[in-house]
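The structure appears right after this line, and notes come after that.
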Amino acid sequence: MKQLILICSILFKSNLIFSQSIPSDYFSYQSKKIFYDTGIDWNSLTIFGPIRFDLKKQDQIIKREPSLYFDGMINCNIGNNVYALSGFGHFKYKNHFYGYVYPSLINKTSNNLQFGVENNLSNNDNNYAGLGFENSWVILQVGKGKESWGAGEDIELALSDNSKPYNYFLLGSDYGKVRVRYIYGFLENVERNINRYLTARGFEWTNKKSIIIGVSETVIYSGENRSFDIGYLNPISTHLENELNNRLNILGDNNSNAVWQLHLDFLLNNNFRFSLNYLLDEFVIDPNIEIGKEHGEAYSIRIAYTPFYSSTHHFTLIGSIIYVGTPTFRHGNGTNNFVHKNIPLGWERGSDTQEFNFGFNYFNNKNIVVKILSGYYEMGEESIVNRVFDPYSDYLKGTYPSGNVSSEFYFKSFYSYFWNDNSFSLMLWLNWSQNKGSEMQLGFQVPFNFLLN
(Lines give C-alpha, C1' and ligand atoms only; values in the text may rest on other atoms or scores of the structure.)
Protein backbone atom coordinates (compact mmCIF):
# COMPACT_ATOMS: atom_id res chain seq x y z
CA MET A 1 0.00 0.00 0.00
CA LYS A 2 1.30 3.45 -0.91
CA GLN A 3 -0.55 5.22 1.89
CA LEU A 4 -3.09 4.57 4.62
CA ILE A 5 -6.63 5.79 5.02
CA LEU A 6 -8.38 6.29 8.26
CA ILE A 7 -12.17 6.45 8.13
CA CYS A 8 -14.03 6.91 11.40
CA SER A 9 -17.80 6.90 10.99
CA ILE A 10 -20.63 6.86 13.48
CA LEU A 11 -23.78 5.08 12.34
CA PHE A 12 -27.07 5.45 14.18
CA LYS A 13 -29.40 2.70 13.00
CA SER A 14 -33.19 2.94 13.04
CA ASN A 15 -35.79 0.24 13.05
CA LEU A 16 -38.35 0.59 10.28
CA ILE A 17 -38.25 -0.15 6.57
CA PHE A 18 -38.65 3.52 5.69
CA SER A 19 -35.91 4.78 8.04
CA GLN A 20 -32.52 6.05 6.94
CA SER A 21 -30.61 3.83 4.52
CA ILE A 22 -27.74 1.57 5.53
CA PRO A 23 -24.24 2.48 4.27
CA SER A 24 -23.21 -0.11 1.71
CA ASP A 25 -20.11 -1.36 3.54
CA TYR A 26 -22.01 -2.35 6.70
CA PHE A 27 -22.56 -5.95 7.74
CA SER A 28 -26.35 -5.68 7.92
CA TYR A 29 -26.48 -4.20 4.40
CA GLN A 30 -24.40 -7.01 2.88
CA SER A 31 -26.22 -9.83 4.68
CA LYS A 32 -29.67 -8.44 3.81
CA LYS A 33 -28.79 -8.49 0.10
CA ILE A 34 -27.93 -12.18 0.34
CA PHE A 35 -31.22 -12.91 2.12
CA TYR A 36 -33.20 -11.17 -0.64
CA ASP A 37 -31.74 -13.58 -3.21
CA THR A 38 -33.40 -16.48 -1.37
CA GLY A 39 -36.76 -14.81 -0.78
CA ILE A 40 -36.24 -13.83 2.86
CA ASP A 41 -37.93 -10.58 3.94
CA TRP A 42 -39.40 -9.88 0.49
CA ASN A 43 -42.21 -7.97 2.18
CA SER A 44 -39.66 -5.16 2.68
CA LEU A 45 -38.00 -5.46 -0.75
CA THR A 46 -38.67 -2.48 -3.03
CA ILE A 47 -37.27 -0.88 -6.17
CA PHE A 48 -37.07 2.39 -4.21
CA GLY A 49 -33.74 1.83 -2.50
CA PRO A 50 -31.20 1.79 -1.07
CA ILE A 51 -31.73 -0.86 1.62
CA ARG A 52 -32.97 0.57 4.91
CA PHE A 53 -32.79 -0.59 8.50
CA ASP A 54 -35.42 -2.95 9.93
CA LEU A 55 -34.43 -3.72 13.50
CA LYS A 56 -37.35 -5.16 15.52
CA LYS A 57 -35.51 -5.06 18.85
CA GLN A 58 -35.15 -1.30 18.65
CA ASP A 59 -38.82 -0.99 17.66
CA GLN A 60 -39.82 -2.81 20.84
CA ILE A 61 -37.59 -0.54 22.94
CA ILE A 62 -39.06 2.67 21.50
CA LYS A 63 -42.69 1.52 21.76
CA ARG A 64 -42.42 0.98 25.52
CA GLU A 65 -42.09 4.72 26.17
CA PRO A 66 -42.25 7.96 24.13
CA SER A 67 -38.47 8.30 24.11
CA LEU A 68 -35.57 9.70 22.13
CA TYR A 69 -33.53 6.74 20.93
CA PHE A 70 -29.96 6.73 19.63
CA ASP A 71 -28.25 3.72 18.15
CA GLY A 72 -24.80 3.94 16.69
CA MET A 73 -21.74 2.28 15.28
CA ILE A 74 -18.14 3.47 15.06
CA ASN A 75 -16.48 2.35 11.84
CA CYS A 76 -12.76 2.63 11.01
CA ASN A 77 -11.06 1.50 7.79
CA ILE A 78 -7.46 1.29 6.57
CA GLY A 79 -6.68 1.12 2.85
CA ASN A 80 -4.99 2.72 -0.18
CA ASN A 81 -4.35 6.32 -1.20
CA VAL A 82 -6.95 8.15 0.90
CA TYR A 83 -7.17 9.73 4.34
CA ALA A 84 -10.70 10.26 5.64
CA LEU A 85 -12.70 11.06 8.72
CA SER A 86 -16.47 10.74 8.56
CA GLY A 87 -19.46 9.99 10.73
CA PHE A 88 -23.03 8.85 10.50
CA GLY A 89 -25.69 9.58 13.12
CA HIS A 90 -29.38 8.70 13.44
CA PHE A 91 -31.98 9.39 16.12
CA LYS A 92 -35.61 8.33 16.50
CA TYR A 93 -38.22 10.21 18.56
CA LYS A 94 -41.64 8.89 19.61
CA ASN A 95 -41.45 6.12 17.01
CA HIS A 96 -42.24 8.42 14.07
CA PHE A 97 -39.78 11.33 13.89
CA TYR A 98 -36.16 10.79 12.93
CA GLY A 99 -33.07 12.65 11.87
CA TYR A 100 -29.71 11.73 10.40
CA VAL A 101 -26.35 13.38 9.84
CA TYR A 102 -23.26 12.27 7.93
CA PRO A 103 -20.34 14.73 8.25
CA SER A 104 -17.07 13.76 6.56
CA LEU A 105 -13.54 15.00 6.02
CA ILE A 106 -11.78 13.09 3.26
CA ASN A 107 -8.39 13.55 1.65
CA LYS A 108 -7.79 11.82 -1.68
CA THR A 109 -4.30 11.38 -3.09
CA SER A 110 -5.15 9.41 -6.25
CA ASN A 111 -7.94 9.03 -8.79
CA ASN A 112 -8.79 5.54 -7.62
CA LEU A 113 -12.50 5.41 -6.74
CA GLN A 114 -12.60 1.71 -5.90
CA PHE A 115 -13.79 2.16 -2.35
CA GLY A 116 -16.00 5.19 -2.82
CA VAL A 117 -13.88 7.69 -0.85
CA GLU A 118 -12.82 10.33 -3.32
CA ASN A 119 -13.15 13.82 -1.78
CA ASN A 120 -10.61 16.36 -0.60
CA LEU A 121 -10.60 17.48 3.03
CA SER A 122 -11.79 20.92 1.94
CA ASN A 123 -14.68 19.43 -0.03
CA ASN A 124 -18.01 18.57 1.66
CA ASP A 125 -19.51 16.64 -1.28
CA ASN A 126 -20.05 13.56 0.90
CA ASN A 127 -21.69 15.37 3.82
CA TYR A 128 -25.42 14.97 4.26
CA ALA A 129 -28.14 15.32 6.89
CA GLY A 130 -31.92 15.46 7.15
CA LEU A 131 -35.12 15.14 9.14
CA GLY A 132 -38.13 12.93 8.52
CA PHE A 133 -41.47 11.58 9.67
CA GLU A 134 -42.77 8.10 8.95
CA ASN A 135 -45.49 5.72 10.01
CA SER A 136 -46.92 2.52 8.56
CA TRP A 137 -48.06 4.10 5.29
CA VAL A 138 -46.26 7.42 4.66
CA ILE A 139 -42.77 8.88 4.79
CA LEU A 140 -41.83 12.57 4.56
CA GLN A 141 -38.16 13.49 4.50
CA VAL A 142 -36.16 16.62 3.70
CA GLY A 143 -32.40 16.94 3.67
CA LYS A 144 -29.31 15.85 1.81
CA GLY A 145 -28.78 12.26 0.71
CA LYS A 146 -29.12 10.00 -2.31
CA GLU A 147 -31.60 7.54 -3.79
CA SER A 148 -31.05 4.21 -5.55
CA TRP A 149 -33.96 3.06 -7.72
CA GLY A 150 -34.02 -0.24 -9.55
CA ALA A 151 -34.77 -3.96 -9.39
CA GLY A 152 -31.98 -6.29 -8.33
CA GLU A 153 -28.79 -5.59 -6.45
CA ASP A 154 -26.07 -3.26 -7.78
CA ILE A 155 -27.57 -2.89 -11.29
CA GLU A 156 -29.42 0.43 -10.88
CA LEU A 157 -29.32 2.62 -13.99
CA ALA A 158 -30.56 6.21 -13.49
CA LEU A 159 -30.25 6.67 -9.70
CA SER A 160 -27.79 4.76 -7.51
CA ASP A 161 -26.04 5.08 -4.18
CA ASN A 162 -22.71 5.38 -6.02
CA SER A 163 -23.53 9.04 -6.72
CA LYS A 164 -22.70 12.09 -4.62
CA PRO A 165 -25.47 13.22 -2.21
CA TYR A 166 -27.83 16.05 -3.14
CA ASN A 167 -30.50 18.17 -1.43
CA TYR A 168 -34.02 16.83 -1.93
CA PHE A 169 -37.50 16.31 -0.53
CA LEU A 170 -38.96 12.79 -0.40
CA LEU A 171 -42.58 11.66 -0.25
CA GLY A 172 -43.45 7.97 -0.13
CA SER A 173 -46.57 5.94 0.57
CA ASP A 174 -47.15 2.25 1.22
CA TYR A 175 -50.66 0.91 0.55
CA GLY A 176 -49.85 -2.75 1.08
CA LYS A 177 -49.24 -4.23 -2.34
CA VAL A 178 -48.93 -0.81 -3.97
CA ARG A 179 -46.15 1.65 -3.17
CA VAL A 180 -45.34 5.06 -4.62
CA ARG A 181 -42.34 7.34 -4.26
CA TYR A 182 -41.61 10.95 -5.27
CA ILE A 183 -38.48 13.08 -4.89
CA TYR A 184 -37.68 16.66 -5.84
CA GLY A 185 -34.31 18.27 -5.27
CA PHE A 186 -31.52 20.64 -6.20
CA LEU A 187 -28.31 19.19 -7.63
CA GLU A 188 -25.82 22.01 -8.07
CA ASN A 189 -24.95 25.38 -9.57
CA VAL A 190 -22.39 25.18 -12.39
CA GLU A 191 -20.61 27.68 -14.61
CA ARG A 192 -22.51 30.70 -15.95
CA ASN A 193 -24.77 30.41 -12.89
CA ILE A 194 -26.74 27.48 -14.27
CA ASN A 195 -28.95 25.79 -11.68
CA ARG A 196 -29.55 22.04 -12.00
CA TYR A 197 -32.52 20.18 -10.48
CA LEU A 198 -33.66 16.57 -10.08
CA THR A 199 -37.16 15.13 -9.79
CA ALA A 200 -38.41 11.54 -9.98
CA ARG A 201 -41.59 9.60 -9.39
CA GLY A 202 -42.25 5.88 -9.30
CA PHE A 203 -44.95 3.25 -8.81
CA GLU A 204 -44.63 -0.42 -7.91
CA TRP A 205 -46.87 -3.41 -7.27
CA THR A 206 -45.73 -6.40 -5.23
CA ASN A 207 -47.25 -9.56 -3.81
CA LYS A 208 -44.56 -9.34 -1.09
CA LYS A 209 -43.51 -12.92 -1.81
CA SER A 210 -42.14 -13.42 -5.29
CA ILE A 211 -42.71 -10.52 -7.70
CA ILE A 212 -42.29 -6.75 -7.93
CA ILE A 213 -43.28 -4.75 -11.02
CA GLY A 214 -42.57 -1.03 -11.21
CA VAL A 215 -42.35 1.98 -13.47
CA SER A 216 -40.50 5.23 -12.84
CA GLU A 217 -39.65 8.57 -14.44
CA THR A 218 -36.53 10.60 -13.62
CA VAL A 219 -35.98 14.17 -14.84
CA ILE A 220 -33.01 16.54 -14.84
CA TYR A 221 -33.75 20.17 -15.69
CA SER A 222 -31.52 23.24 -15.70
CA GLY A 223 -31.19 26.83 -16.82
CA GLU A 224 -29.27 30.03 -16.22
CA ASN A 225 -30.57 31.58 -12.99
CA ARG A 226 -33.45 29.11 -13.26
CA SER A 227 -35.66 28.96 -10.20
CA PHE A 228 -37.56 26.08 -8.62
CA ASP A 229 -40.16 24.95 -11.19
CA ILE A 230 -43.61 24.33 -9.70
CA GLY A 231 -44.60 22.50 -12.88
CA TYR A 232 -42.78 19.43 -11.54
CA LEU A 233 -44.22 19.76 -8.03
CA ASN A 234 -47.22 17.53 -8.79
CA PRO A 235 -46.17 13.95 -7.86
CA ILE A 236 -48.50 12.37 -10.44
CA SER A 237 -47.67 14.66 -13.37
CA THR A 238 -45.26 13.57 -16.09
CA HIS A 239 -42.40 15.26 -17.89
CA LEU A 240 -44.08 15.13 -21.31
CA GLU A 241 -47.31 16.57 -19.94
CA ASN A 242 -45.46 19.51 -18.39
CA GLU A 243 -43.14 20.18 -21.32
CA LEU A 244 -45.55 19.76 -24.23
CA ASN A 245 -48.25 21.84 -22.53
CA ASN A 246 -45.82 24.68 -21.70
CA ARG A 247 -46.28 24.31 -17.95
CA LEU A 248 -42.62 24.94 -17.11
CA ASN A 249 -40.97 28.21 -16.18
CA ILE A 250 -38.82 28.00 -19.35
CA LEU A 251 -40.69 27.16 -22.55
CA GLY A 252 -39.41 24.74 -25.17
CA ASP A 253 -37.96 21.25 -25.16
CA ASN A 254 -34.27 22.01 -24.63
CA ASN A 255 -34.23 22.67 -20.90
CA SER A 256 -35.11 19.33 -19.32
CA ASN A 257 -34.25 15.69 -19.87
CA ALA A 258 -36.31 12.66 -18.79
CA VAL A 259 -35.78 8.90 -18.75
CA TRP A 260 -38.44 6.25 -18.18
CA GLN A 261 -37.88 2.81 -16.69
CA LEU A 262 -39.62 -0.54 -16.35
CA HIS A 263 -38.53 -2.66 -13.37
CA LEU A 264 -39.10 -6.35 -12.69
CA ASP A 265 -37.96 -8.51 -9.77
CA PHE A 266 -39.05 -12.16 -9.85
CA LEU A 267 -38.33 -15.03 -7.44
CA LEU A 268 -38.84 -18.67 -8.42
CA ASN A 269 -38.81 -21.49 -5.86
CA ASN A 270 -36.99 -19.29 -3.34
CA ASN A 271 -33.65 -20.00 -4.99
CA PHE A 272 -33.75 -18.40 -8.45
CA ARG A 273 -34.08 -14.60 -8.71
CA PHE A 274 -34.36 -12.69 -11.98
CA SER A 275 -34.07 -8.89 -11.98
CA LEU A 276 -34.52 -6.55 -14.94
CA ASN A 277 -34.41 -2.79 -15.50
CA TYR A 278 -35.17 -1.38 -18.96
CA LEU A 279 -34.68 2.34 -19.60
CA LEU A 280 -35.67 4.65 -22.47
CA ASP A 281 -34.15 8.10 -22.87
CA GLU A 282 -35.15 9.01 -26.42
CA PHE A 283 -37.12 6.74 -28.70
CA VAL A 284 -37.64 6.54 -32.44
CA ILE A 285 -41.38 6.59 -33.09
CA ASP A 286 -41.29 6.08 -36.87
CA PRO A 287 -38.00 4.73 -38.29
CA ASN A 288 -39.20 5.54 -41.83
CA ILE A 289 -39.23 9.24 -40.95
CA GLU A 290 -36.39 9.38 -38.42
CA ILE A 291 -34.08 7.57 -40.81
CA GLY A 292 -30.87 6.16 -39.38
CA LYS A 293 -31.66 7.09 -35.79
CA GLU A 294 -31.52 4.81 -32.76
CA HIS A 295 -33.26 4.65 -29.41
CA GLY A 296 -31.49 6.11 -26.41
CA GLU A 297 -31.83 3.09 -24.15
CA ALA A 298 -30.24 0.98 -21.45
CA TYR A 299 -30.93 -2.28 -19.68
CA SER A 300 -29.55 -4.27 -16.78
CA ILE A 301 -30.19 -7.96 -16.03
CA ARG A 302 -29.14 -9.90 -12.96
CA ILE A 303 -29.59 -13.60 -12.20
CA ALA A 304 -29.03 -15.10 -8.75
CA TYR A 305 -29.20 -18.85 -8.18
CA THR A 306 -28.88 -20.39 -4.72
CA PRO A 307 -28.12 -24.13 -5.09
CA PHE A 308 -28.32 -24.66 -1.33
CA TYR A 309 -29.45 -22.70 1.68
CA SER A 310 -30.37 -23.68 5.22
CA SER A 311 -30.53 -22.27 8.73
CA THR A 312 -26.73 -22.24 8.79
CA HIS A 313 -25.57 -21.48 5.23
CA HIS A 314 -26.49 -19.44 2.16
CA PHE A 315 -24.47 -19.84 -1.06
CA THR A 316 -25.60 -17.90 -4.15
CA LEU A 317 -24.18 -17.78 -7.67
CA ILE A 318 -24.71 -14.40 -9.36
CA GLY A 319 -24.23 -12.89 -12.80
CA SER A 320 -25.27 -9.66 -14.49
CA ILE A 321 -25.24 -7.83 -17.82
CA ILE A 322 -25.46 -4.05 -18.09
CA TYR A 323 -25.83 -2.14 -21.36
CA VAL A 324 -26.10 1.63 -21.72
CA GLY A 325 -26.31 3.14 -25.22
CA THR A 326 -24.00 5.81 -26.59
CA PRO A 327 -26.37 8.82 -26.40
CA THR A 328 -28.25 7.62 -23.29
CA PHE A 329 -28.19 9.98 -20.28
CA ARG A 330 -27.03 12.87 -22.51
CA HIS A 331 -29.16 15.73 -23.77
CA GLY A 332 -29.00 18.45 -26.44
CA ASN A 333 -28.32 20.76 -23.50
CA GLY A 334 -25.34 19.24 -21.67
CA THR A 335 -26.28 20.57 -18.24
CA ASN A 336 -29.28 18.22 -18.39
CA ASN A 337 -26.99 15.16 -18.49
CA PHE A 338 -27.44 12.57 -15.73
CA VAL A 339 -24.40 13.59 -13.70
CA HIS A 340 -23.77 15.31 -10.38
CA LYS A 341 -20.49 16.68 -9.03
CA ASN A 342 -18.74 15.32 -12.16
CA ILE A 343 -19.77 11.68 -11.70
CA PRO A 344 -22.86 9.78 -12.92
CA LEU A 345 -26.10 9.94 -10.93
CA GLY A 346 -26.80 6.31 -11.74
CA TRP A 347 -24.64 3.43 -12.89
CA GLU A 348 -21.02 4.23 -12.02
CA ARG A 349 -19.71 3.69 -15.59
CA GLY A 350 -22.16 6.21 -17.04
CA SER A 351 -23.08 5.61 -20.67
CA ASP A 352 -21.68 4.21 -23.94
CA THR A 353 -20.69 1.13 -21.93
CA GLN A 354 -21.39 -2.54 -21.50
CA GLU A 355 -20.36 -4.85 -18.67
CA PHE A 356 -20.52 -8.56 -17.85
CA ASN A 357 -19.73 -10.10 -14.47
CA PHE A 358 -20.24 -13.22 -12.39
CA GLY A 359 -19.37 -14.44 -8.92
CA PHE A 360 -20.87 -15.76 -5.69
CA ASN A 361 -22.07 -14.67 -2.25
CA TYR A 362 -21.81 -16.68 0.96
CA PHE A 363 -23.40 -16.07 4.38
CA ASN A 364 -23.36 -18.47 7.34
CA ASN A 365 -26.54 -16.84 8.72
CA LYS A 366 -24.62 -15.66 11.74
CA ASN A 367 -21.38 -13.73 11.43
CA ILE A 368 -19.51 -14.37 8.16
CA VAL A 369 -20.15 -12.79 4.75
CA VAL A 370 -18.00 -13.49 1.68
CA LYS A 371 -18.56 -11.88 -1.74
CA ILE A 372 -16.47 -12.63 -4.85
CA LEU A 373 -17.05 -10.93 -8.22
CA SER A 374 -15.11 -10.86 -11.48
CA GLY A 375 -16.03 -9.11 -14.70
CA TYR A 376 -15.18 -7.25 -17.87
CA TYR A 377 -16.40 -3.95 -19.30
CA GLU A 378 -15.96 -1.80 -22.41
CA MET A 379 -16.42 1.97 -22.42
CA GLY A 380 -16.63 4.29 -25.45
CA GLU A 381 -15.20 7.78 -25.67
CA GLU A 382 -18.66 9.42 -25.47
CA SER A 383 -19.40 8.12 -21.98
CA ILE A 384 -20.62 10.81 -19.56
CA VAL A 385 -17.80 9.68 -17.27
CA ASN A 386 -15.34 11.26 -19.70
CA ARG A 387 -17.37 14.22 -21.02
CA VAL A 388 -19.61 15.27 -18.17
CA PHE A 389 -21.52 18.23 -19.62
CA ASP A 390 -21.04 17.67 -23.34
CA PRO A 391 -24.32 17.27 -25.29
CA TYR A 392 -24.86 14.21 -27.45
CA SER A 393 -23.46 14.55 -30.96
CA ASP A 394 -26.49 12.96 -32.68
CA TYR A 395 -28.89 10.03 -32.45
CA LEU A 396 -27.66 8.34 -35.61
CA LYS A 397 -26.69 4.71 -35.37
CA GLY A 398 -22.96 4.15 -35.15
CA THR A 399 -20.35 1.84 -33.70
CA TYR A 400 -20.88 0.77 -30.12
CA PRO A 401 -19.07 1.54 -27.92
CA SER A 402 -18.05 4.67 -29.77
CA GLY A 403 -14.62 5.94 -30.85
CA ASN A 404 -11.58 4.85 -28.89
CA VAL A 405 -12.80 2.07 -26.62
CA SER A 406 -11.24 1.37 -23.23
CA SER A 407 -11.72 -2.04 -21.64
CA GLU A 408 -10.78 -3.74 -18.40
CA PHE A 409 -10.94 -7.03 -16.54
CA TYR A 410 -11.46 -6.74 -12.79
CA PHE A 411 -11.81 -8.79 -9.61
CA LYS A 412 -13.53 -7.69 -6.38
CA SER A 413 -13.85 -9.47 -3.06
CA PHE A 414 -15.40 -8.60 0.31
CA TYR A 415 -15.05 -10.47 3.59
CA SER A 416 -16.79 -9.64 6.87
CA TYR A 417 -16.78 -11.23 10.32
CA PHE A 418 -19.30 -10.14 12.97
CA TRP A 419 -18.85 -11.20 16.62
CA ASN A 420 -22.47 -10.76 17.78
CA ASP A 421 -25.44 -8.36 17.69
CA ASN A 422 -23.79 -5.80 19.93
CA SER A 423 -20.10 -6.25 19.39
CA PHE A 424 -17.15 -5.88 17.07
CA SER A 425 -17.10 -6.65 13.31
CA LEU A 426 -14.16 -6.83 10.92
CA MET A 427 -14.20 -6.26 7.15
CA LEU A 428 -11.67 -6.75 4.37
CA TRP A 429 -11.77 -5.69 0.69
CA LEU A 430 -9.29 -7.15 -1.81
CA ASN A 431 -9.70 -5.79 -5.34
CA TRP A 432 -7.72 -5.96 -8.57
CA SER A 433 -8.25 -4.32 -11.95
CA GLN A 434 -6.30 -4.59 -15.17
CA ASN A 435 -5.58 -0.86 -15.39
CA LYS A 436 -5.30 0.13 -11.71
CA GLY A 437 -3.66 -2.90 -10.14
CA SER A 438 -4.46 -4.21 -6.67
CA GLU A 439 -6.08 -2.53 -3.68
CA MET A 440 -6.78 -3.54 -0.12
CA GLN A 441 -8.95 -2.03 2.61
CA LEU A 442 -9.38 -3.22 6.19
CA GLY A 443 -12.18 -1.98 8.43
CA PHE A 444 -13.80 -2.56 11.81
CA GLN A 445 -17.08 -1.53 13.44
CA VAL A 446 -18.13 -1.10 17.08
CA PRO A 447 -21.85 -0.41 17.79
CA PHE A 448 -23.45 1.51 20.66
CA ASN A 449 -26.90 2.81 21.60
CA PHE A 450 -28.77 4.61 24.36
CA LEU A 451 -32.32 5.70 25.24
CA LEU A 452 -33.50 9.03 26.70
CA ASN A 453 -36.94 8.93 28.38
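In the C-alpha coordinates, each chain is lettered A, B, ... as it comes, each chain's residues begin at 1, and ligands are numbered from 1 in order of appearance.
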Strand (DSSP E) residues, from DSSP on the backbone, in segment 153-226 of chain A, as a VMD selection string: chain A and resid 166 to 174 178 to 190 194 to 206 211 to 224
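The space separating atom CA of Trp347 of chain A from atom CA of Tyr417 of chain A comes to 28.6 Å.
Comparing A:Asn257, A:Asn269, A:Asn333, A:Ser320 by their smallest distance to Phe308 of chain A, the closest is A:Asn269 (using only C-alpha atoms).
Each of A:Gly296, A:Pro307, A:Pro344, A:Gly185 was checked against Tyr323 of chain A using only C-alpha atoms; the smallest atom-to-atom distance is that of A:Gly296.
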